[in-house]
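Undergrad: Below is the structure I would like to discuss, written out as structure tokens.
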Amino acid sequence: MTTPKIKLTYFDFESIAEPIRLALVMNKVPFEDERIKVNAWSEWLSIKPTTKFGQLPIMKIDNVTFAQSGAMLRYVGKSFGEGALYPQNGPEYLKVEEAMGLVEDMAKDWDPCFSITLYPDKYGHDAEFLKTDVGKAKIAEMREGWVKDSLPKFAKFFSQMIDENGGFLCGKKPTIADCLLLPHLRKFQKGMYEPVPVTCLDQYTTLTAWIKRMMEIPEIAEWYKDRR
């Protein structure tokens, strides 16, 4: 089968496009990694009306455009590498979907702690509020509260999956569920959510060992070699 020509367009950071990039890289699929610079807002505004649903990421497959990151991730997992990243048989399939659902649950639970800085009006504040001491304290309270109250719950669930399944979320080999989780946890270790400390995951040794295991996969190690 001829490998299709794939172009993935997203902003120049990890976020929701990164699991797709990781799945492509792990399956050794060549693709054009188009990135819009964060400070090039005018570029995005010019592109936005041409996107399928007015959002990114978008993926072009032989010049046919698709949207929705979850659909893209599943497509890559199923279509390449003999489907090893996204098994379709009974319990194995359910394990992957279950794990991905849990990652999405965690992302939704964390989202207010992050999106308040982007869309303060959704939380009853104007943009100026975030610049005040009270606003900064509110963000810190939300994020530190999540790390204290919610992170232990999710860390426990993911750790149980890893222990029960032999090293990765769904088995002895990684799947698209592992690709989905890794960027979420890397953000905490990279210090992207001030004032949350970069050491916030250190006590969850099963998780940190899993992160190390993922980062040592040759294709992923090569991908992040110059992207730390």
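Ligands are numbered from 1 in the order shown, chains are lettered A, B, ... in the order of the structure tokens, and residues start at 1 in each chain.
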Hey, what does DSSP flag as alpha helix (DSSP H) within stretch 27-215 of chain A? Can you give it to me as an MDAnalysis selection string?
TA: chainID A and resid 41:47 69:79 90:115 133:149 151:165 176:189 205:215
Undergrad: Which neighbours of stretch 96-106 of chain A fall inside 9 Å, counting only C-alpha atoms, when residues of the same chain fewer than 5 positions from it are skipped, and could you give them as a ChimeraX atom specification?
TA: /A:86-87,91,111,150-151,154,157-158,161,169-170,175-178,180-181,184
Undergrad: Keeping only N, CA, C and O atoms, write the selected residues to a file as an mmCIF file, in the first residue's frame.
TA:
data_model
loop_
_atom_site.group_PDB
_atom_site.id
_atom_site.type_symbol
_atom_site.label_atom_id
_atom_site.label_comp_id
_atom_site.auth_asym_id
_atom_site.auth_seq_id
_atom_site.Cartn_x
_atom_site.Cartn_y
_atom_site.Cartn_z
ATOM 1 N N TYR A 86 -3.110 0.610 17.784
ATOM 2 C CA TYR A 86 -4.551 0.700 18.029
ATOM 3 C C TYR A 86 -5.208 -0.631 17.675
ATOM 4 O O TYR A 86 -5.897 -0.765 16.666
ATOM 5 N N PRO A 87 -5.002 -1.651 18.530
ATOM 6 C CA PRO A 87 -5.567 -2.976 18.259
ATOM 7 C C PRO A 87 -7.089 -2.920 18.187
ATOM 8 O O PRO A 87 -7.723 -2.174 18.926
ATOM 9 N N PRO A 91 -11.097 -7.181 23.839
ATOM 10 C CA PRO A 91 -10.597 -6.559 25.069
ATOM 11 C C PRO A 91 -9.444 -5.587 24.844
ATOM 12 O O PRO A 91 -9.344 -4.584 25.542
ATOM 13 N N ASP A 111 -8.765 21.378 32.845
ATOM 14 C CA ASP A 111 -8.946 22.472 31.892
ATOM 15 C C ASP A 111 -9.246 23.835 32.520
ATOM 16 O O ASP A 111 -8.637 24.830 32.108
ATOM 17 N N SER A 150 -6.889 16.383 42.884
ATOM 18 C CA SER A 150 -7.273 15.575 41.718
ATOM 19 C C SER A 150 -6.135 14.747 41.151
ATOM 20 O O SER A 150 -6.346 13.608 40.718
ATOM 21 N N LEU A 151 -4.934 15.306 41.127
ATOM 22 C CA LEU A 151 -3.806 14.572 40.559
ATOM 23 C C LEU A 151 -3.588 13.219 41.224
ATOM 24 O O LEU A 151 -3.361 12.223 40.519
ATOM 25 N N PHE A 154 -5.998 10.584 39.656
ATOM 26 C CA PHE A 154 -5.669 10.157 38.296
ATOM 27 C C PHE A 154 -4.336 9.401 38.258
ATOM 28 O O PHE A 154 -4.188 8.425 37.515
ATOM 29 N N PHE A 157 -5.012 5.838 39.212
ATOM 30 C CA PHE A 157 -5.662 5.061 38.155
ATOM 31 C C PHE A 157 -4.674 4.683 37.051
ATOM 32 O O PHE A 157 -4.625 3.521 36.615
ATOM 33 N N PHE A 158 -3.893 5.653 36.594
ATOM 34 C CA PHE A 158 -2.934 5.356 35.526
ATOM 35 C C PHE A 158 -1.857 4.385 36.003
ATOM 36 O O PHE A 158 -1.438 3.496 35.256
ATOM 37 N N MET A 161 -3.175 0.889 35.918
ATOM 38 C CA MET A 161 -3.195 0.376 34.544
ATOM 39 C C MET A 161 -1.814 -0.105 34.110
ATOM 40 O O MET A 161 -1.661 -1.185 33.535
ATOM 41 N N LEU A 169 0.072 1.526 29.344
ATOM 42 C CA LEU A 169 -1.312 1.679 29.803
ATOM 43 C C LEU A 169 -2.197 0.492 29.452
ATOM 44 O O LEU A 169 -3.108 0.144 30.212
ATOM 45 N N CYS A 170 -1.933 -0.118 28.310
ATOM 46 C CA CYS A 170 -2.849 -1.161 27.826
ATOM 47 C C CYS A 170 -2.185 -2.501 27.569
ATOM 48 O O CYS A 170 -2.818 -3.421 27.053
ATOM 49 N N THR A 175 0.489 2.095 23.008
ATOM 50 C CA THR A 175 -0.605 2.284 22.070
ATOM 51 C C THR A 175 -0.857 3.785 21.925
ATOM 52 O O THR A 175 -0.161 4.603 22.535
ATOM 53 N N ILE A 176 -1.884 4.122 21.157
ATOM 54 C CA ILE A 176 -2.214 5.536 21.014
ATOM 55 C C ILE A 176 -2.666 6.138 22.342
ATOM 56 O O ILE A 176 -2.603 7.357 22.520
ATOM 57 N N ALA A 177 -3.094 5.312 23.291
ATOM 58 C CA ALA A 177 -3.440 5.825 24.622
ATOM 59 C C ALA A 177 -2.208 6.378 25.319
ATOM 60 O O ALA A 177 -2.260 7.423 25.985
ATOM 61 N N ASP A 178 -1.083 5.696 25.175
ATOM 62 C CA ASP A 178 0.174 6.185 25.743
ATOM 63 C C ASP A 178 0.607 7.470 25.046
ATOM 64 O O ASP A 178 1.103 8.404 25.690
ATOM 65 N N LEU A 180 -1.365 9.624 23.860
ATOM 66 C CA LEU A 180 -2.268 10.679 24.315
ATOM 67 C C LEU A 180 -1.880 11.201 25.689
ATOM 68 O O LEU A 180 -1.941 12.414 25.944
ATOM 69 N N LEU A 181 -1.464 10.317 26.580
ATOM 70 C CA LEU A 181 -1.149 10.724 27.952
ATOM 71 C C LEU A 181 0.182 11.458 28.072
ATOM 72 O O LEU A 181 0.301 12.425 28.831
ATOM 73 N N HIS A 184 0.441 15.342 28.088
ATOM 74 C CA HIS A 184 -0.207 15.944 29.254
ATOM 75 C C HIS A 184 0.741 15.967 30.451
ATOM 76 O O HIS A 184 0.859 16.980 31.148
#
Undergrad: What's around A:Glu222 at 12 Å? Count only C-alpha atoms, leave out sequence neighbours fewer than 4 positions away in its own chain, and write the answer as number ranges by chain.
TA: A: 22, 25-26, 28, 214-218, 226-228
Undergrad: Pick out the residues sitting within 10 Å of A:Phe31, and hand them over as a PyMOL selection string; count only C-alpha atoms, and ignore anything fewer than 3 positions along from it in its own chain.
TA: chain A and resi 4-8+21+24-25+28+34+59-61
Undergrad: Generate a file of the selected residues that holds N, CA, C and O atoms, formatted as a PDB file, in the first residue's frame.
TA:
ATOM      1  N   PRO A   4       0.097   7.503   2.077  1.00  0.00           N
ATOM      2  CA  PRO A   4      -0.465   8.770   1.622  1.00  0.00           C
ATOM      3  C   PRO A   4       0.404   9.951   2.035  1.00  0.00           C
ATOM      4  O   PRO A   4       1.204   9.858   2.977  1.00  0.00           O
ATOM      5  N   LYS A   5       0.211  11.058   1.365  1.00  0.00           N
ATOM      6  CA  LYS A   5       0.904  12.286   1.721  1.00  0.00           C
ATOM      7  C   LYS A   5       0.119  12.971   2.838  1.00  0.00           C
ATOM      8  O   LYS A   5      -1.053  13.321   2.667  1.00  0.00           O
ATOM      9  N   ILE A   6       0.775  13.164   3.976  1.00  0.00           N
ATOM     10  CA  ILE A   6       0.093  13.703   5.148  1.00  0.00           C
ATOM     11  C   ILE A   6       0.716  15.032   5.565  1.00  0.00           C
ATOM     12  O   ILE A   6       1.939  15.164   5.660  1.00  0.00           O
ATOM     13  N   LYS A   7      -0.153  16.000   5.820  1.00  0.00           N
ATOM     14  CA  LYS A   7       0.271  17.299   6.335  1.00  0.00           C
ATOM     15  C   LYS A   7      -0.571  17.602   7.569  1.00  0.00           C
ATOM     16  O   LYS A   7      -1.795  17.630   7.513  1.00  0.00           O
ATOM     17  N   LEU A   8       0.105  17.808   8.698  1.00  0.00           N
ATOM     18  CA  LEU A   8      -0.569  18.114   9.956  1.00  0.00           C
ATOM     19  C   LEU A   8      -0.277  19.565  10.320  1.00  0.00           C
ATOM     20  O   LEU A   8       0.880  19.974  10.412  1.00  0.00           O
ATOM     21  N   ARG A  21       1.287  13.538  16.353  1.00  0.00           N
ATOM     22  CA  ARG A  21       2.680  13.558  15.899  1.00  0.00           C
ATOM     23  C   ARG A  21       3.427  12.329  16.416  1.00  0.00           C
ATOM     24  O   ARG A  21       4.182  11.686  15.676  1.00  0.00           O
ATOM     25  N   LEU A  24       2.425   9.187  14.531  1.00  0.00           N
ATOM     26  CA  LEU A  24       3.042   9.183  13.203  1.00  0.00           C
ATOM     27  C   LEU A  24       4.517   8.814  13.286  1.00  0.00           C
ATOM     28  O   LEU A  24       5.021   7.990  12.513  1.00  0.00           O
ATOM     29  N   VAL A  25       5.205   9.417  14.255  1.00  0.00           N
ATOM     30  CA  VAL A  25       6.637   9.162  14.430  1.00  0.00           C
ATOM     31  C   VAL A  25       6.883   7.701  14.812  1.00  0.00           C
ATOM     32  O   VAL A  25       7.784   7.049  14.251  1.00  0.00           O
ATOM     33  N   LYS A  28       6.655   5.503  11.996  1.00  0.00           N
ATOM     34  CA  LYS A  28       7.609   5.831  10.932  1.00  0.00           C
ATOM     35  C   LYS A  28       6.911   6.330   9.664  1.00  0.00           C
ATOM     36  O   LYS A  28       7.296   5.988   8.538  1.00  0.00           O
ATOM     37  N   GLU A  34       3.438  21.159   9.823  1.00  0.00           N
ATOM     38  CA  GLU A  34       3.277  22.607   9.672  1.00  0.00           C
ATOM     39  C   GLU A  34       2.891  23.220  11.015  1.00  0.00           C
ATOM     40  O   GLU A  34       1.906  22.808  11.633  1.00  0.00           O
ATOM     41  N   MET A  59      -5.705  17.956   9.378  1.00  0.00           N
ATOM     42  CA  MET A  59      -4.808  17.012   8.709  1.00  0.00           C
ATOM     43  C   MET A  59      -5.248  16.877   7.256  1.00  0.00           C
ATOM     44  O   MET A  59      -6.424  16.630   6.980  1.00  0.00           O
ATOM     45  N   LYS A  60      -4.296  17.065   6.362  1.00  0.00           N
ATOM     46  CA  LYS A  60      -4.549  16.817   4.950  1.00  0.00           C
ATOM     47  C   LYS A  60      -3.965  15.459   4.587  1.00  0.00           C
ATOM     48  O   LYS A  60      -2.778  15.195   4.819  1.00  0.00           O
ATOM     49  N   ILE A  61      -4.805  14.616   4.017  1.00  0.00           N
ATOM     50  CA  ILE A  61      -4.379  13.292   3.558  1.00  0.00           C
ATOM     51  C   ILE A  61      -4.599  13.262   2.050  1.00  0.00           C
ATOM     52  O   ILE A  61      -5.748  13.248   1.591  1.00  0.00           O
TER      53      ILE A  61
END
Undergrad: Taking into account only C-alpha atoms, which residue in the set A:Phe114, A:Ala71, A:Phe11, A:Trp223 is nearest to A:Lys187?
TA: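 With only C-alpha atoms as the atom set, the closest residue is A:Phe114.
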Undergrad: Give the strand (DSSP E or B) residues of stretch 9-175 of chain A, as assigned by DSSP on the backbone, as an mmCIF file with N, CA and C atoms, in the first residue's frame.
TA:
data_model
loop_
_atom_site.group_PDB
_atom_site.id
_atom_site.type_symbol
_atom_site.label_atom_id
_atom_site.label_comp_id
_atom_site.auth_asym_id
_atom_site.auth_seq_id
_atom_site.Cartn_x
_atom_site.Cartn_y
_atom_site.Cartn_z
ATOM 1 N N THR A 9 -1.322 20.338 10.533
ATOM 2 C CA THR A 9 -1.178 21.765 10.829
ATOM 3 C C THR A 9 -1.679 22.061 12.227
ATOM 4 N N TYR A 10 -0.823 22.693 13.015
ATOM 5 C CA TYR A 10 -1.198 23.103 14.366
ATOM 6 C C TYR A 10 -0.268 24.238 14.776
ATOM 7 N N PHE A 11 -0.474 24.739 15.975
ATOM 8 C CA PHE A 11 0.399 25.788 16.501
ATOM 9 C C PHE A 11 1.753 25.192 16.898
ATOM 10 N N GLU A 32 4.332 16.177 6.862
ATOM 11 C CA GLU A 32 4.711 17.577 6.939
ATOM 12 C C GLU A 32 4.151 18.152 8.235
ATOM 13 N N ASP A 33 5.020 18.622 9.074
ATOM 14 C CA ASP A 33 4.642 19.136 10.387
ATOM 15 C C ASP A 33 4.564 20.660 10.318
ATOM 16 N N GLU A 34 3.438 21.159 9.823
ATOM 17 C CA GLU A 34 3.277 22.607 9.672
ATOM 18 C C GLU A 34 2.891 23.220 11.015
ATOM 19 N N ARG A 35 3.655 24.234 11.445
ATOM 20 C CA ARG A 35 3.422 24.853 12.748
ATOM 21 C C ARG A 35 3.249 26.357 12.585
ATOM 22 N N ILE A 36 2.191 26.872 13.195
ATOM 23 C CA ILE A 36 1.932 28.306 13.197
ATOM 24 C C ILE A 36 2.537 28.892 14.463
ATOM 25 N N ILE A 58 -5.668 20.486 11.872
ATOM 26 C CA ILE A 58 -6.267 19.886 10.693
ATOM 27 C C ILE A 58 -5.225 18.966 10.061
ATOM 28 N N MET A 59 -5.705 17.956 9.378
ATOM 29 C CA MET A 59 -4.808 17.012 8.709
ATOM 30 C C MET A 59 -5.248 16.877 7.256
ATOM 31 N N LYS A 60 -4.296 17.065 6.362
ATOM 32 C CA LYS A 60 -4.549 16.817 4.950
ATOM 33 C C LYS A 60 -3.965 15.459 4.587
ATOM 34 N N ILE A 61 -4.805 14.616 4.017
ATOM 35 C CA ILE A 61 -4.379 13.292 3.558
ATOM 36 C C ILE A 61 -4.599 13.262 2.050
ATOM 37 N N VAL A 64 -7.007 15.887 0.930
ATOM 38 C CA VAL A 64 -8.349 15.894 1.524
ATOM 39 C C VAL A 64 -8.202 16.284 2.994
ATOM 40 N N THR A 65 -8.941 17.287 3.437
ATOM 41 C CA THR A 65 -8.757 17.845 4.774
ATOM 42 C C THR A 65 -9.697 17.207 5.785
ATOM 43 N N PHE A 66 -9.134 16.898 6.959
ATOM 44 C CA PHE A 66 -9.903 16.331 8.058
ATOM 45 C C PHE A 66 -9.631 17.130 9.330
ATOM 46 N N ALA A 67 -10.606 17.103 10.235
ATOM 47 C CA ALA A 67 -10.472 17.782 11.521
ATOM 48 C C ALA A 67 -10.731 16.776 12.646
#
Undergrad: Could you name the residues that touch A:Ile139 at 10 Å or less, counting only C-alpha atoms, but leaving out those on the same chain fewer than 4 positions away, as an mmCIF file with all heavy atoms, in the first residue's frame?
TA:
data_model
loop_
_atom_site.group_PDB
_atom_site.id
_atom_site.type_symbol
_atom_site.label_atom_id
_atom_site.label_comp_id
_atom_site.auth_asym_id
_atom_site.auth_seq_id
_atom_site.Cartn_x
_atom_site.Cartn_y
_atom_site.Cartn_z
ATOM 1 N N PRO A 112 -10.146 23.961 33.498
ATOM 2 C CA PRO A 112 -10.390 25.298 34.063
ATOM 3 C C PRO A 112 -9.135 25.944 34.648
ATOM 4 O O PRO A 112 -8.987 27.171 34.596
ATOM 5 C CB PRO A 112 -11.431 25.030 35.160
ATOM 6 C CG PRO A 112 -12.122 23.787 34.725
ATOM 7 C CD PRO A 112 -11.062 22.958 34.081
ATOM 8 N N CYS A 113 -8.227 25.128 35.157
ATOM 9 C CA CYS A 113 -6.996 25.652 35.757
ATOM 10 C C CYS A 113 -6.099 26.295 34.714
ATOM 11 O O CYS A 113 -5.283 27.164 35.037
ATOM 12 C CB CYS A 113 -6.229 24.532 36.460
ATOM 13 S SG CYS A 113 -7.156 23.683 37.747
ATOM 14 N N PHE A 114 -6.250 25.866 33.476
ATOM 15 C CA PHE A 114 -5.457 26.430 32.392
ATOM 16 C C PHE A 114 -6.237 27.469 31.591
ATOM 17 O O PHE A 114 -5.758 28.572 31.321
ATOM 18 C CB PHE A 114 -4.979 25.328 31.447
ATOM 19 C CG PHE A 114 -4.276 25.836 30.219
ATOM 20 C CD1 PHE A 114 -3.036 26.446 30.321
ATOM 21 C CD2 PHE A 114 -4.863 25.715 28.965
ATOM 22 C CE1 PHE A 114 -2.394 26.938 29.187
ATOM 23 C CE2 PHE A 114 -4.228 26.198 27.828
ATOM 24 C CZ PHE A 114 -2.985 26.809 27.941
ATOM 25 N N ILE A 116 -8.637 29.399 32.269
ATOM 26 C CA ILE A 116 -8.966 30.683 32.893
ATOM 27 C C ILE A 116 -7.990 31.777 32.449
ATOM 28 O O ILE A 116 -8.347 32.947 32.379
ATOM 29 C CB ILE A 116 -8.982 30.572 34.443
ATOM 30 C CG1 ILE A 116 -9.530 31.872 35.056
ATOM 31 C CG2 ILE A 116 -7.604 30.235 34.996
ATOM 32 C CD1 ILE A 116 -9.710 31.813 36.557
ATOM 33 N N THR A 117 -6.771 31.382 32.112
ATOM 34 C CA THR A 117 -5.789 32.376 31.652
ATOM 35 C C THR A 117 -6.041 32.799 30.202
ATOM 36 O O THR A 117 -5.596 33.862 29.778
ATOM 37 C CB THR A 117 -4.359 31.826 31.769
ATOM 38 O OG1 THR A 117 -4.224 30.672 30.924
ATOM 39 C CG2 THR A 117 -4.051 31.425 33.204
ATOM 40 N N LEU A 130 -6.647 39.052 35.720
ATOM 41 C CA LEU A 130 -5.529 38.110 35.778
ATOM 42 C C LEU A 130 -4.203 38.792 36.078
ATOM 43 O O LEU A 130 -3.250 38.137 36.493
ATOM 44 C CB LEU A 130 -5.432 37.344 34.455
ATOM 45 C CG LEU A 130 -6.680 36.562 34.039
ATOM 46 C CD1 LEU A 130 -6.439 35.866 32.718
ATOM 47 C CD2 LEU A 130 -7.068 35.556 35.110
ATOM 48 N N VAL A 134 -4.833 39.552 43.220
ATOM 49 C CA VAL A 134 -5.965 38.680 43.525
ATOM 50 C C VAL A 134 -6.158 37.651 42.411
ATOM 51 O O VAL A 134 -6.406 36.464 42.668
ATOM 52 C CB VAL A 134 -7.253 39.504 43.727
ATOM 53 C CG1 VAL A 134 -8.462 38.583 43.910
ATOM 54 C CG2 VAL A 134 -7.115 40.427 44.918
ATOM 55 N N GLY A 135 -6.040 38.105 41.154
ATOM 56 C CA GLY A 135 -6.184 37.196 40.024
ATOM 57 C C GLY A 135 -5.099 36.136 39.983
ATOM 58 O O GLY A 135 -5.374 34.955 39.764
ATOM 59 N N ARG A 143 -4.783 25.844 40.558
ATOM 60 C CA ARG A 143 -3.798 24.860 40.091
ATOM 61 C C ARG A 143 -3.224 24.028 41.232
ATOM 62 O O ARG A 143 -3.104 22.803 41.131
ATOM 63 C CB ARG A 143 -2.690 25.587 39.323
ATOM 64 C CG ARG A 143 -3.188 26.197 38.027
ATOM 65 C CD ARG A 143 -2.121 26.932 37.256
ATOM 66 N NE ARG A 143 -2.628 27.383 35.965
ATOM 67 C CZ ARG A 143 -1.924 28.017 35.053
ATOM 68 N NH1 ARG A 143 -0.640 28.305 35.296
ATOM 69 N NH2 ARG A 143 -2.466 28.382 33.899
ATOM 70 N N GLU A 144 -2.882 24.686 42.309
ATOM 71 C CA GLU A 144 -2.326 23.952 43.451
ATOM 72 C C GLU A 144 -3.386 23.056 44.079
ATOM 73 O O GLU A 144 -3.072 21.951 44.547
ATOM 74 C CB GLU A 144 -1.760 24.936 44.468
ATOM 75 C CG GLU A 144 -0.514 25.647 43.965
ATOM 76 C CD GLU A 144 -0.053 26.779 44.872
ATOM 77 O OE1 GLU A 144 -0.849 27.245 45.719
ATOM 78 O OE2 GLU A 144 1.112 27.211 44.729
ATOM 79 N N GLY A 145 -4.640 23.512 44.061
ATOM 80 C CA GLY A 145 -5.720 22.680 44.576
ATOM 81 C C GLY A 145 -5.917 21.431 43.737
ATOM 82 O O GLY A 145 -6.160 20.341 44.266
ATOM 83 N N TYR A 193 2.968 25.141 34.021
ATOM 84 C CA TYR A 193 1.796 25.575 34.773
ATOM 85 C C TYR A 193 2.204 26.205 36.106
ATOM 86 O O TYR A 193 2.017 25.609 37.173
ATOM 87 C CB TYR A 193 0.872 24.385 35.033
ATOM 88 C CG TYR A 193 0.360 23.709 33.791
ATOM 89 C CD1 TYR A 193 0.475 22.320 33.636
ATOM 90 C CD2 TYR A 193 -0.240 24.437 32.775
ATOM 91 C CE1 TYR A 193 -0.017 21.691 32.509
ATOM 92 C CE2 TYR A 193 -0.719 23.814 31.636
ATOM 93 C CZ TYR A 193 -0.611 22.432 31.514
ATOM 94 O OH TYR A 193 -1.093 21.819 30.386
ATOM 95 N N GLU A 194 2.769 27.384 36.041
ATOM 96 C CA GLU A 194 3.149 28.068 37.269
ATOM 97 C C GLU A 194 1.908 28.321 38.126
ATOM 98 O O GLU A 194 0.831 28.626 37.594
ATOM 99 C CB GLU A 194 3.833 29.393 36.926
ATOM 100 C CG GLU A 194 5.162 29.226 36.225
ATOM 101 C CD GLU A 194 5.825 30.572 35.951
ATOM 102 O OE1 GLU A 194 5.169 31.619 36.167
ATOM 103 O OE2 GLU A 194 6.977 30.573 35.518
ATOM 104 N N PRO A 195 2.028 28.199 39.449
ATOM 105 C CA PRO A 195 3.229 27.927 40.243
ATOM 106 C C PRO A 195 3.414 26.444 40.586
ATOM 107 O O PRO A 195 4.119 26.112 41.541
ATOM 108 C CB PRO A 195 2.956 28.727 41.516
ATOM 109 C CG PRO A 195 1.481 28.576 41.716
ATOM 110 C CD PRO A 195 0.880 28.566 40.330
#
Undergrad: Between A:Arg74, A:Phe80, A:Leu185, A:Ser115, which has the minimum distance to A:Thr3 (counting only C-alpha atoms)?
TA: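 Among A:Arg74, A:Phe80, A:Leu185, A:Ser115, it is A:Phe80 that comes nearest to A:Thr3.
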